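Asker: Below you'll find structure.csv; it's CSV, C-alpha atoms.
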```csv
chain,number,residue,atom,x,y,z
A,1,MET,CA,0.0,0.0,0.0
A,2,LYS,CA,1.2,3.5,-0.8
A,3,ILE,CA,-0.2,6.6,0.7
A,4,SER,CA,-0.7,9.5,-1.9
A,5,THR,CA,0.6,13.0,-1.5
A,6,LYS,CA,-3.0,14.0,-0.7
A,7,GLY,CA,-3.1,11.5,2.2
A,8,ARG,CA,0.2,12.6,3.6
A,9,TYR,CA,-0.6,16.3,3.3
A,10,GLY,CA,-4.0,15.7,4.8
A,11,LEU,CA,-2.5,14.2,7.8
A,12,ARG,CA,0.1,17.0,8.1
A,13,LEU,CA,-2.7,19.6,7.8
A,14,MET,CA,-4.7,18.0,10.5
A,15,LEU,CA,-1.7,17.7,12.8
A,16,ASP,CA,-1.0,21.3,12.2
A,17,LEU,CA,-4.5,22.2,13.3
A,18,ALA,CA,-4.2,20.0,16.4
A,19,VAL,CA,-1.0,21.7,17.4
A,20,HIS,CA,-1.8,25.3,16.6
A,21,CYS,CA,-5.6,25.5,17.0
A,22,GLY,CA,-5.8,26.2,20.7
A,23,GLY,CA,-9.6,26.5,20.5
A,24,GLY,CA,-9.4,29.2,17.8
A,25,LEU,CA,-9.4,29.4,14.1
A,26,VAL,CA,-6.2,28.8,12.0
A,27,PRO,CA,-5.9,30.7,8.7
A,28,LEU,CA,-5.0,28.5,5.7
A,29,ARG,CA,-2.1,30.8,4.8
A,30,ASP,CA,-0.5,30.1,8.2
A,31,ILE,CA,-0.8,26.3,7.6
A,32,SER,CA,0.6,26.8,4.1
A,33,ALA,CA,3.6,28.7,5.4
A,34,ARG,CA,4.4,26.2,8.1
A,35,GLN,CA,3.9,23.1,6.0
A,36,GLY,CA,5.4,24.4,2.7
A,37,ILE,CA,2.2,23.4,0.8
A,38,SER,CA,0.4,25.7,-1.6
A,39,GLU,CA,-2.8,27.2,-0.3
A,40,LYS,CA,-4.6,26.0,-3.5
A,41,TYR,CA,-3.8,22.4,-2.8
A,42,LEU,CA,-4.6,22.8,0.9
A,43,GLU,CA,-8.1,24.2,-0.1
A,44,GLN,CA,-8.8,21.0,-2.0
A,45,ILE,CA,-7.8,18.9,0.9
A,46,MET,CA,-9.8,21.1,3.3
A,47,MET,CA,-12.9,20.6,1.2
A,48,LEU,CA,-12.7,16.8,1.6
A,49,LEU,CA,-11.9,17.1,5.4
A,50,ASN,CA,-14.8,19.5,5.8
A,51,ARG,CA,-17.2,17.4,3.8
A,52,ASN,CA,-16.4,14.4,6.0
A,53,GLY,CA,-16.8,16.2,9.3
A,54,LEU,CA,-13.2,16.4,10.4
A,55,VAL,CA,-12.8,20.2,10.2
A,56,ARG,CA,-15.0,23.2,10.4
A,57,SER,CA,-14.5,26.4,8.4
A,58,VAL,CA,-15.4,30.0,9.0
A,59,ARG,CA,-15.3,32.4,6.1
A,60,GLY,CA,-14.3,36.1,6.3
A,61,SER,CA,-11.3,38.2,7.3
A,62,GLN,CA,-11.2,36.6,10.7
A,63,GLY,CA,-12.0,33.2,9.4
A,64,GLY,CA,-10.0,30.0,9.3
A,65,TYR,CA,-10.2,26.3,10.2
A,66,MET,CA,-10.5,24.2,13.3
A,67,LEU,CA,-10.9,20.6,14.2
A,68,ALA,CA,-14.6,19.6,14.1
A,69,ARG,CA,-14.0,17.2,17.1
A,70,PRO,CA,-11.4,17.0,19.8
A,71,ALA,CA,-8.0,15.7,18.7
A,72,GLU,CA,-8.5,12.7,21.0
A,73,GLU,CA,-11.5,11.6,18.9
A,74,ILE,CA,-9.9,11.8,15.5
A,75,THR,CA,-7.7,8.9,14.4
A,76,VAL,CA,-5.1,8.7,11.7
A,77,GLY,CA,-7.4,6.1,10.1
A,78,ASP,CA,-10.2,8.6,9.9
A,79,ILE,CA,-8.0,11.1,8.1
A,80,LEU,CA,-6.4,8.5,5.7
A,81,ARG,CA,-9.7,6.9,4.8
A,82,THR,CA,-11.1,10.4,4.0
A,83,MET,CA,-8.2,11.2,1.8
A,84,GLU,CA,-7.5,7.7,0.3
A,85,GLY,CA,-10.7,5.7,0.5
A,86,SER,CA,-10.2,2.1,1.6
A,87,LEU,CA,-6.8,1.2,3.0
A,88,ALA,CA,-7.2,-2.5,1.9
A,89,PRO,CA,-4.3,-3.7,-0.2
A,90,VAL,CA,-6.6,-5.3,-2.9
A,91,ASP,CA,-10.1,-4.7,-4.1
A,92,CYS,CA,-11.5,-8.1,-3.1
A,93,VAL,CA,-10.7,-7.4,0.6
A,94,ALA,CA,-12.0,-3.8,0.4
A,95,ASP,CA,-15.3,-4.9,-1.2
A,96,ALA,CA,-16.6,-8.4,-1.0
A,97,SER,CA,-18.9,-7.7,-3.9
A,98,SER,CA,-15.9,-6.9,-6.2
A,99,GLY,CA,-16.9,-9.7,-8.5
A,100,CYS,CA,-13.9,-12.0,-8.0
A,101,ASP,CA,-15.0,-15.5,-9.0
A,102,MET,CA,-12.1,-17.1,-7.0
A,103,MET,CA,-13.2,-15.6,-3.7
A,104,ASP,CA,-14.5,-18.9,-2.3
A,105,ARG,CA,-11.3,-20.8,-2.9
A,106,CYS,CA,-8.6,-18.1,-2.9
A,107,VAL,CA,-6.0,-18.6,-0.2
A,108,THR,CA,-4.1,-15.4,-0.9
A,109,THR,CA,-7.2,-13.4,0.2
A,110,GLU,CA,-6.4,-14.5,3.7
A,111,VAL,CA,-3.0,-12.7,3.5
A,112,TRP,CA,-4.6,-9.5,2.2
A,113,GLN,CA,-7.3,-9.6,4.9
A,114,LYS,CA,-4.7,-10.0,7.7
A,115,LEU,CA,-2.6,-7.2,6.1
A,116,LYS,CA,-5.7,-4.9,6.0
A,117,GLU,CA,-6.6,-5.8,9.7
A,118,ALA,CA,-3.0,-4.9,10.7
A,119,VAL,CA,-3.0,-1.6,8.9
A,120,ASP,CA,-6.5,-0.8,10.4
A,121,ARG,CA,-5.3,-1.7,13.9
A,122,VAL,CA,-2.3,0.7,13.6
A,123,VAL,CA,-4.0,3.7,12.0
A,124,ASP,CA,-7.1,3.4,14.2
A,125,SER,CA,-5.0,3.3,17.4
A,126,ILE,CA,-3.2,6.6,16.8
A,127,THR,CA,-5.1,9.8,17.5
A,128,LEU,CA,-4.3,13.4,16.5
A,129,ALA,CA,-3.8,14.0,20.2
A,130,ASN,CA,-1.1,11.3,20.2
A,131,LEU,CA,0.6,12.9,17.2
A,132,ALA,CA,0.4,16.4,18.6
A,133,GLU,CA,2.0,15.2,21.9
A,134,ARG,CA,4.8,13.5,20.0
A,135,TYR,CA,5.3,16.6,17.9
A,136,ARG,CA,5.7,18.7,21.0
A,137,GLU,CA,8.2,16.2,22.5
A,138,LYS,CA,10.3,16.2,19.3
A,139,ASN,CA,10.1,20.0,18.8
A,140,LEU,CA,10.6,21.2,22.5
A,141,PRO,CA,14.4,21.6,22.2
A,142,GLU,CA,13.8,23.7,19.1
A,143,ALA,CA,11.3,25.9,20.9
A,144,LEU,CA,13.5,26.4,23.9
A,145,SER,CA,16.6,27.3,21.9
A,146,GLY,CA,15.1,30.8,21.2
A,147,PHE,CA,15.4,31.7,24.9
```
As C-alpha cells - that is how I would like this structure written.
Answerer:
Amino acid sequence: MKISTKGRYGLRLMLDLAVHCGGGLVPLRDISARQGISEKYLEQIMMLLNRNGLVRSVRGSQGGYMLARPAEEITVGDILRTMEGSLAPVDCVADASSGCDMMDRCVTTEVWQKLKEAVDRVVDSITLANLAERYREKNLPEALSGF
C-alpha cells in the first residue's frame, strides 16, 4: 500500500490544526507557510476534510479552520480513509462484492485480509492528540533554543 501526497498532506494539515488551534481558528495561509504546501492544494484537501466532518471552516477576514471534534477523537485512520478511501491492499478485501469469481477458494485473500486488519489496527489506534503530543516532544528543544 502506498499513501498518496493528498493523504500525507491531509495528515500533516490535521496535525498542524491540532498543534496550533488552541480552540481558535487557524488561517489556511499560516498552515501553508508552516507546511510548505500551496494554499490552493490545501483548499482542495480542506474541502474533503470539511465534507467528511473532520474540520470546520469560518469564512471572512477573521476566518479559518479548526478541528470539528477534539483531537482525541480523530484517528489517523479517519484522516487517511477520508483522503485515500479504503486502506485495503486489494479490491476483493475492500469490497466483498468486487466480483472476483475465485473468492471462495482463494487462499491469498487471507493474506490480504490479515494485512488490512494490521493496517487498520495501527491507524485506528493513533489519534491526532497522540501525534500532537509526539510533535511537541520532538520540537521542544527547538522551541527552547530561542530563549
Asker: When you look at Ile45 of chain A with a cut-off of 9 Å (counting only C-alpha atoms), what residues show up, excluding the ones that are within fewer than 6 positions of it in the same chain? I need them as a list of chain:residue names.
Answerer: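 Once the adjacent positions are removed, what remains is A:Lys6, A:Gly7, A:Tyr9, A:Gly10, A:Leu13, A:Met83.
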Asker: Could you jot down the atom CA of Gly64 of chain A to atom CA of Ile37 of chain A separation for me, Å, one decimal place?
Answerer: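 Separating atom CA of Gly64 of chain A from atom CA of Ile37 of chain A is a distance of 16.3 Å.
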Asker: Just how far from atom CA of Ser4 of chain A is atom CA of Thr127 of chain A, in Å to one decimal?
Answerer: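 Computed distance, atom CA of Thr127 of chain A to atom CA of Ser4 of chain A, equals 19.9 Å.
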Asker: Smallest atom-to-atom distance to Ser86 of chain A: which of A:Gly60, A:Leu54, A:Leu28, A:Asp120, using all atoms listed in the file?
Answerer: A:Asp120
Asker: Give me the residues near Asn52 of chain A as a JSON list (two decimals) with C-alpha atoms, in the coordinates of the input, where near means some atom within 12 Å (using all atoms listed in the file) and where sequence neighbours in that chain fewer than 5 positions away do not count.
Answerer:
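Result went into selection35.json, see below:
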```json
[["chain", "number", "residue", "atom", "x", "y", "z"],
["A", 45, "ILE", "CA", -7.80, 18.90, 0.90],
["A", 46, "MET", "CA", -9.80, 21.10, 3.30],
["A", 47, "MET", "CA", -12.90, 20.60, 1.20],
["A", 67, "LEU", "CA", -10.90, 20.60, 14.20],
["A", 68, "ALA", "CA", -14.60, 19.60, 14.10],
["A", 69, "ARG", "CA", -14.00, 17.20, 17.10],
["A", 74, "ILE", "CA", -9.90, 11.80, 15.50],
["A", 78, "ASP", "CA", -10.20, 8.60, 9.90],
["A", 79, "ILE", "CA", -8.00, 11.10, 8.10],
["A", 80, "LEU", "CA", -6.40, 8.50, 5.70],
["A", 81, "ARG", "CA", -9.70, 6.90, 4.80],
["A", 82, "THR", "CA", -11.10, 10.40, 4.00],
["A", 83, "MET", "CA", -8.20, 11.20, 1.80],
["A", 85, "GLY", "CA", -10.70, 5.70, 0.50]]
```
Asker: When you draw a straight line from atom CA of Leu11 of chain A to atom CA of Val90 of chain A, how long is it in Å?
Answerer: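 It comes out at 22.6 Å.
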Asker: Which residues are close to Asn130 of chain A, i.e. within 8 Å by all atoms listed in the file, leaving aside same-chain residues fewer than 4 positions away? Reply as a list of chain:residue names.
Answerer: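 So, after excluding close chain neighbours, the residues are A:Glu72, A:Ile126, A:Arg134.
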Asker: Can you tell me which residues surround Pro89 of chain A at a distance of at most 10 Å, considering all atoms listed in the file, apart from same-chain residues fewer than 4 positions away, and format the answer as an mmCIF file with C-alpha atoms, in the frame of the given file?
Answerer:
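Output (around11.cif):
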```cif
data_model
loop_
_atom_site.group_PDB
_atom_site.id
_atom_site.type_symbol
_atom_site.label_atom_id
_atom_site.label_comp_id
_atom_site.auth_asym_id
_atom_site.auth_seq_id
_atom_site.Cartn_x
_atom_site.Cartn_y
_atom_site.Cartn_z
ATOM 1 C CA MET A 1 0.000 0.000 0.000
ATOM 2 C CA LYS A 2 1.200 3.500 -0.800
ATOM 3 C CA VAL A 93 -10.700 -7.400 0.600
ATOM 4 C CA ALA A 94 -12.000 -3.800 0.400
ATOM 5 C CA VAL A 111 -3.000 -12.700 3.500
ATOM 6 C CA TRP A 112 -4.600 -9.500 2.200
ATOM 7 C CA GLN A 113 -7.300 -9.600 4.900
ATOM 8 C CA LEU A 115 -2.600 -7.200 6.100
ATOM 9 C CA LYS A 116 -5.700 -4.900 6.000
ATOM 10 C CA VAL A 119 -3.000 -1.600 8.900
#
```
Asker: Find the residue from A:Cys100, A:Leu17, A:Cys106, A:Leu42 that sits nearest to Arg29 of chain A; use all atoms listed in the file when measuring.
Answerer: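 Counting all atoms listed in the file, the residue closest to Arg29 of chain A is A:Leu42.
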Asker: Given the choices A:Gly77, A:Pro70, A:Asp30, A:Gly36, which gets closest to Ala118 of chain A if the distance is worked out from only C-alpha atoms?
Answerer: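 Distance minimum relative to Ala118 of chain A lands on A:Gly77.
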Asker: In terms of the shortest atom-to-atom distance over all atoms listed in the file, which of A:Asp104, A:Glu117, A:Asp16, A:Glu84 is closest to Ala129 of chain A?
Answerer: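 Among the listed residues, A:Asp16 lies closest to Ala129 of chain A.
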Asker: In terms of the shortest atom-to-atom distance over only C-alpha atoms, which of A:Val58, A:Cys92, A:Met103, A:Ile31 is closest to Leu15 of chain A?
Answerer: A:Ile31
Asker: Under the rule that only C-alpha atoms are counted, which of A:Gln44, A:Thr75, A:Pro27, A:Gly22 is the nearest residue to Ser61 of chain A?
Answerer: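 Nearest candidate to Ser61 of chain A out of A:Gln44, A:Thr75, A:Pro27, A:Gly22: A:Pro27.
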